[in-house]
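Below is the file final23.pdb, which contains PDB, C-alpha atoms, pLDDT in the B column.
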MODEL        1
ATOM      1  CA  MET A  29      -5.373 -17.557   8.711  1.00 93.00           C
ATOM      2  CA  LEU A  30      -7.543 -15.962   6.057  1.00 95.00           C
ATOM      3  CA  HIS A  31      -5.469 -15.469   2.899  1.00 96.00           C
ATOM      4  CA  PHE A  32      -6.544 -13.661  -0.249  1.00 95.00           C
ATOM      5  CA  PRO A  33      -4.790 -12.913  -3.557  1.00 95.00           C
ATOM      6  CA  ALA A  34      -1.706 -10.710  -3.304  1.00 95.00           C
ATOM      7  CA  GLU A  35      -3.196  -8.098  -5.625  1.00 94.00           C
ATOM      8  CA  LYS A  36      -3.904  -4.482  -4.746  1.00 94.00           C
ATOM      9  CA  ASN A  37      -7.555  -4.943  -5.577  1.00 93.00           C
ATOM     10  CA  THR A  38     -10.479  -3.463  -3.638  1.00 94.00           C
ATOM     11  CA  SER A  39     -12.903  -6.243  -4.511  1.00 94.00           C
ATOM     12  CA  ASN A  40     -10.517  -8.895  -3.105  1.00 95.00           C
ATOM     13  CA  LEU A  41     -10.247  -6.939   0.143  1.00 96.00           C
ATOM     14  CA  LEU A  42     -14.002  -6.513   0.429  1.00 96.00           C
ATOM     15  CA  GLN A  43     -14.602 -10.189  -0.278  1.00 96.00           C
ATOM     16  CA  ALA A  44     -12.061 -11.158   2.413  1.00 97.00           C
ATOM     17  CA  PHE A  45     -13.611  -8.712   4.886  1.00 97.00           C
ATOM     18  CA  TRP A  46     -17.123 -10.139   4.352  1.00 97.00           C
ATOM     19  CA  GLN A  47     -15.757 -13.655   4.718  1.00 97.00           C
ATOM     20  CA  TRP A  48     -14.273 -12.647   8.082  1.00 97.00           C
ATOM     21  CA  ALA A  49     -17.431 -10.729   9.108  1.00 96.00           C
ATOM     22  CA  SER A  50     -19.566 -13.785   8.353  1.00 96.00           C
ATOM     23  CA  LEU A  51     -17.495 -15.789  10.845  1.00 96.00           C
ATOM     24  CA  LEU A  52     -18.363 -13.235  13.532  1.00 95.00           C
ATOM     25  CA  ALA A  53     -22.022 -13.110  12.502  1.00 94.00           C
ATOM     26  CA  ASP A  54     -22.222 -16.911  12.697  1.00 94.00           C
ATOM     27  CA  GLU A  55     -20.576 -16.773  16.145  1.00 93.00           C
ATOM     28  CA  ASN A  56     -17.507 -18.644  14.925  1.00 96.00           C
ATOM     29  CA  ILE A  57     -15.351 -16.446  17.133  1.00 96.00           C
ATOM     30  CA  GLN A  58     -12.297 -18.704  17.461  1.00 97.00           C
ATOM     31  CA  PRO A  59     -11.954 -19.059  13.654  1.00 97.00           C
ATOM     32  CA  ALA A  60     -12.536 -15.282  13.292  1.00 97.00           C
ATOM     33  CA  VAL A  61      -9.667 -14.583  15.697  1.00 97.00           C
ATOM     34  CA  GLU A  62      -7.439 -17.172  14.017  1.00 97.00           C
ATOM     35  CA  ALA A  63      -8.213 -15.698  10.584  1.00 97.00           C
ATOM     36  CA  LEU A  64      -6.220 -12.576  11.479  1.00 98.00           C
ATOM     37  CA  VAL A  65      -2.534 -11.883  11.998  1.00 97.00           C
ATOM     38  CA  TRP A  66      -1.739 -10.633  15.511  1.00 97.00           C
ATOM     39  CA  LYS A  67       1.535  -8.674  15.561  1.00 94.00           C
ATOM     40  CA  LYS A  68       0.565  -5.262  17.006  1.00 91.00           C
ATOM     41  CA  HIS A  69      -1.628  -6.827  19.715  1.00 93.00           C
ATOM     42  CA  PRO A  70      -1.554 -10.197  21.465  1.00 95.00           C
ATOM     43  CA  GLN A  71      -4.124 -12.632  20.142  1.00 96.00           C
ATOM     44  CA  PRO A  72      -7.213 -12.116  22.310  1.00 96.00           C
ATOM     45  CA  ASP A  73      -9.287 -14.661  24.128  1.00 97.00           C
ATOM     46  CA  PRO A  74     -12.178 -15.328  21.688  1.00 96.00           C
ATOM     47  CA  GLN A  75     -14.954 -14.976  24.284  1.00 95.00           C
ATOM     48  CA  ALA A  76     -13.497 -11.760  25.706  1.00 95.00           C
ATOM     49  CA  TRP A  77     -13.131 -10.356  22.184  1.00 95.00           C
ATOM     50  CA  GLN A  78     -16.730 -11.284  21.359  1.00 95.00           C
ATOM     51  CA  SER A  79     -17.860  -9.405  24.483  1.00 95.00           C
ATOM     52  CA  GLU A  80     -15.729  -6.399  23.517  1.00 94.00           C
ATOM     53  CA  ILE A  81     -17.430  -6.252  20.116  1.00 95.00           C
ATOM     54  CA  ARG A  82     -20.940  -6.718  21.500  1.00 94.00           C
ATOM     55  CA  GLU A  83     -20.458  -4.152  24.274  1.00 94.00           C
ATOM     56  CA  PHE A  84     -18.440  -1.628  22.257  1.00 92.00           C
ATOM     57  CA  PHE A  85     -21.084   1.104  21.952  1.00 92.00           C
ATOM     58  CA  PHE A  86     -23.501   0.650  24.851  1.00 91.00           C
ATOM     59  CA  GLY A  87     -21.945  -1.701  27.392  1.00 91.00           C
ATOM     60  CA  PRO A  88     -23.288  -5.029  28.677  1.00 90.00           C
ATOM     61  CA  GLU A  89     -26.848  -3.743  29.138  1.00 88.00           C
ATOM     62  CA  ASN A  90     -27.461  -3.198  25.415  1.00 88.00           C
ATOM     63  CA  LEU A  91     -25.555  -5.755  23.372  1.00 90.00           C
ATOM     64  CA  LEU A  92     -25.040  -5.460  19.630  1.00 92.00           C
ATOM     65  CA  TYR A  93     -24.441  -8.491  17.424  1.00 92.00           C
ATOM     66  CA  PRO A  94     -22.252  -8.783  14.322  1.00 93.00           C
ATOM     67  CA  PHE A  95     -24.370  -9.043  11.209  1.00 90.00           C
ATOM     68  CA  CYS A  96     -23.387  -9.928   7.655  1.00 89.00           C
ATOM     69  CA  PRO A  97     -25.877  -8.429   5.199  1.00 88.00           C
ATOM     70  CA  PRO A  98     -26.584 -10.329   1.996  1.00 86.00           C
ATOM     71  CA  PRO A  99     -24.350  -9.333  -0.944  1.00 86.00           C
ATOM     72  CA  GLY A 100     -26.953  -7.023  -2.496  1.00 84.00           C
ATOM     73  CA  SER A 101     -27.261  -5.008   0.727  1.00 85.00           C
ATOM     74  CA  ARG A 102     -23.589  -4.305   1.460  1.00 91.00           C
ATOM     75  CA  GLU A 103     -23.107  -1.234  -0.732  1.00 92.00           C
ATOM     76  CA  VAL A 104     -23.406   1.391   2.024  1.00 90.00           C
ATOM     77  CA  PHE A 105     -20.762  -0.390   4.122  1.00 93.00           C
ATOM     78  CA  GLU A 106     -18.478  -0.916   1.134  1.00 94.00           C
ATOM     79  CA  GLU A 107     -18.683   2.754   0.130  1.00 94.00           C
ATOM     80  CA  MET A 108     -17.495   3.776   3.618  1.00 94.00           C
ATOM     81  CA  ALA A 109     -14.425   1.517   3.453  1.00 96.00           C
ATOM     82  CA  GLU A 110     -11.062   3.241   3.372  1.00 96.00           C
ATOM     83  CA  ILE A 111      -8.122   1.516   1.678  1.00 96.00           C
ATOM     84  CA  GLU A 112      -4.585   2.884   1.546  1.00 95.00           C
ATOM     85  CA  TRP A 113      -1.785   1.369  -0.491  1.00 94.00           C
ATOM     86  CA  GLU A 114       0.703   4.255  -0.206  1.00 85.00           C
ATOM     87  CA  ASP A 115       2.203   6.125   2.750  1.00 81.00           C
ATOM     88  CA  ILE A 116       1.717   3.320   5.224  1.00 84.00           C
ATOM     89  CA  HIS A 117       3.707   4.453   8.249  1.00 82.00           C
ATOM     90  CA  THR A 118       5.394   1.262   9.326  1.00 84.00           C
ATOM     91  CA  HIS A 119       8.903  -0.123   9.240  1.00 87.00           C
ATOM     92  CA  ASP A 120       7.657  -3.603   8.408  1.00 91.00           C
ATOM     93  CA  PRO A 121       8.208  -4.328   4.680  1.00 91.00           C
ATOM     94  CA  ALA A 122       5.551  -7.063   4.773  1.00 93.00           C
ATOM     95  CA  ILE A 123       2.878  -4.396   5.392  1.00 95.00           C
ATOM     96  CA  VAL A 124       1.669  -3.343   1.953  1.00 95.00           C
ATOM     97  CA  GLY A 125      -1.494  -1.452   2.874  1.00 96.00           C
ATOM     98  CA  TRP A 126      -4.072  -0.458   5.442  1.00 97.00           C
ATOM     99  CA  ALA A 127      -7.853  -0.685   5.374  1.00 97.00           C
ATOM    100  CA  MET A 128     -10.762   0.370   7.542  1.00 98.00           C
ATOM    101  CA  PHE A 129     -14.080  -1.391   7.151  1.00 97.00           C
ATOM    102  CA  TYR A 130     -17.373  -1.015   8.981  1.00 96.00           C
ATOM    103  CA  LEU A 131     -18.615  -4.142  10.705  1.00 95.00           C
ATOM    104  CA  PRO A 132     -22.431  -4.129  10.776  1.00 93.00           C
ATOM    105  CA  LEU A 133     -23.958  -4.651  14.207  1.00 92.00           C
ATOM    106  CA  ILE A 134     -27.606  -5.159  15.110  1.00 89.00           C
ATOM    107  CA  PRO A 135     -29.424  -4.857  18.464  1.00 87.00           C
ATOM    108  CA  SER A 136     -30.842  -8.369  18.330  1.00 75.00           C
ATOM    109  CA  GLU A 137     -29.689 -11.845  17.438  1.00 66.00           C
ATOM    110  CA  GLU A 138     -32.521 -11.823  14.865  1.00 63.00           C
ATOM    111  CA  GLN A 139     -30.879 -11.459  11.478  1.00 58.00           C
ATOM    112  CA  ASN A 140     -33.918  -9.753   9.900  1.00 60.00           C
ATOM    113  CA  THR A 141     -33.473  -6.481  11.800  1.00 56.00           C
ATOM    114  CA  PRO A 142     -34.651  -3.343   9.941  1.00 57.00           C
ATOM    115  CA  GLU A 143     -31.850  -1.347   8.306  1.00 59.00           C
ATOM    116  CA  SER A 144     -32.674   1.630  10.532  1.00 60.00           C
ATOM    117  CA  ASP A 145     -31.438  -0.405  13.518  1.00 73.00           C
ATOM    118  CA  LEU A 146     -27.998  -1.132  12.048  1.00 80.00           C
ATOM    119  CA  TYR A 147     -24.827   0.164  13.660  1.00 89.00           C
ATOM    120  CA  ALA A 148     -21.348   0.119  12.160  1.00 92.00           C
ATOM    121  CA  LEU A 149     -18.199  -0.640  14.141  1.00 95.00           C
ATOM    122  CA  PRO A 150     -15.122   0.782  12.373  1.00 96.00           C
ATOM    123  CA  VAL A 151     -12.334  -1.781  12.387  1.00 97.00           C
ATOM    124  CA  SER A 152      -8.942  -1.347  10.745  1.00 97.00           C
ATOM    125  CA  PHE A 153      -6.392  -3.815   9.494  1.00 97.00           C
ATOM    126  CA  PHE A 154      -2.911  -3.705   8.106  1.00 96.00           C
ATOM    127  CA  ILE A 155      -2.649  -5.623   4.859  1.00 97.00           C
ATOM    128  CA  ARG A 156       0.259  -7.999   5.269  1.00 96.00           C
ATOM    129  CA  GLU A 157       1.979 -10.033   2.596  1.00 95.00           C
ATOM    130  CA  THR A 158       2.549 -13.550   3.877  1.00 94.00           C
ATOM    131  CA  GLU A 159       3.140 -16.874   2.168  1.00 90.00           C
ATOM    132  CA  GLY A 160       2.654 -15.330  -1.293  1.00 94.00           C
ATOM    133  CA  ALA A 161      -0.772 -13.934  -0.407  1.00 97.00           C
ATOM    134  CA  PHE A 162      -2.291 -11.082   1.581  1.00 97.00           C
ATOM    135  CA  ALA A 163      -3.778 -11.382   5.062  1.00 97.00           C
ATOM    136  CA  PHE A 164      -5.416  -8.969   7.489  1.00 98.00           C
ATOM    137  CA  GLU A 165      -3.438  -7.990  10.567  1.00 97.00           C
ATOM    138  CA  PHE A 166      -5.745  -6.557  13.232  1.00 97.00           C
ATOM    139  CA  ASP A 167      -5.059  -2.888  13.924  1.00 96.00           C
ATOM    140  CA  GLU A 168      -7.914  -1.573  16.097  1.00 95.00           C
ATOM    141  CA  PHE A 169     -11.561  -0.774  16.635  1.00 94.00           C
ATOM    142  CA  HIS A 170     -12.263   2.953  16.210  1.00 93.00           C
ATOM    143  CA  LEU A 171     -14.691   5.254  17.991  1.00 78.00           C
TER     144      LEU A 171
ENDMDL
END

As structure tokens, what does this structure read like?
Amino acid sequence: MLHFPAEKNTSNLLQAFWQWASLLADENIQPAVEALVWKKHPQPDPQAWQSEIREFFFGPENLLYPFCPPPGSREVFEEMAEIEWEDIHTHDPAIVGWAMFYLPLIPSEEQNTPESDLYALPVSFFIRETEGAFAFEFDEFHL
């Protein structure tokens, strides 16, 4: 499980998100699945989940691939992130926040795709306190 400091800090959340996104971009799907808490949904089969991500927008005919831009090129994705620390509608006291990030996707396995060909898959997480740290609990992919 991916843990990060139990501090309500945007930069910690972004760093943890990019760490998780890099697992997907490197096709380390099993570790990417295991990095998350699965309470709302059953833990998915890694290969099925990879297919769901790749086929999310256009189906199996036009696959998209997770992409982790270099740190200097992440600003547009980071500015779109939504992070909530208050008014989280859950009865679980371990849930301390909610966040939605945008997972970059590209239409080719080539990592040097032009920025104009980037897509963004909105993905949300509950922020769960566990073992004295925070962790992401998968919420959903958004259209």

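Atom CA of Phe95 of chain A is found 18.3 Å from atom CA of Ala76 of chain A.
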
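Closest approach to Ala127 of chain A among A:Ala53, A:Val104, A:Met29, A:Ala44 is made by A:Ala44 (distances from only C-alpha atoms).
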
Residue nearest Thr38 of chain A - candidates A:Phe129, A:Ala60, A:Lys67, A:Ser50, atoms counted: only C-alpha atoms: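 Ranking A:Phe129, A:Ala60, A:Lys67, A:Ser50 by distance to Thr38 of chain A, first place goes to A:Phe129.
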
Once 6 Å is added on each side, what are the centre and the three edge lengths, in Å to one decimal, of the axis-aligned box enclosing the listed atoms of segment 39-46 of chain A? Present them as lines of an AutoDock Vina configuration file.
center_x = -13.7
center_y = -8.7
center_z = 0.2
size_x = 18.9
size_y = 16.9
size_z = 21.4

Residues matched by the PyMOL selection byres ((chain A and resi 147) around 9) as a PyMOL selection string: chain A and resi 92+130-135+143-146+148-149

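Across the structure, atom CA of Pro88 of chain A and atom CA of Gln75 of chain A are spaced 13.7 Å apart.
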
Atom CA of Ala109 of chain A to atom CA of Trp46 of chain A, distance in Å rounded to a single decimal: 12.0 Å

Residue nearest Leu171 of chain A - candidates A:Gly87, A:Pro150, A:Pro70, A:Gly125, atoms counted: only C-alpha atoms: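 Smallest distance to Leu171 of chain A is found for A:Pro150.
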
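Using the PyMOL selection byres ((chain A and resi 157-163) around 7) on the file at hand returns these residues: Leu30, His31, Phe32, Pro33, Ala34, Leu64, Ala122, Ile123, Val124, Ile155, Arg156, Phe164 and Glu165 of chain A.
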
Selection near Ile81 of chain A, 8 Å with only C-alpha atoms, sequence-local residues under 3 positions removed, as a PyMOL selection string: chain A and resi 77-78+84+92-94

Given only C-alpha atoms as the counted atoms, nearest of A:Cys96, A:Glu114, A:Phe166, A:Pro121 to Glu55 of chain A: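 Under the stated criterion, the closest residue is A:Cys96.
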
Resolved residues for the PyMOL selection byres ((chain A and resi 62) around 10) as an NGL selection string: :A and (29-30 or 57-61 or 63-66 or 71-72 or 74)
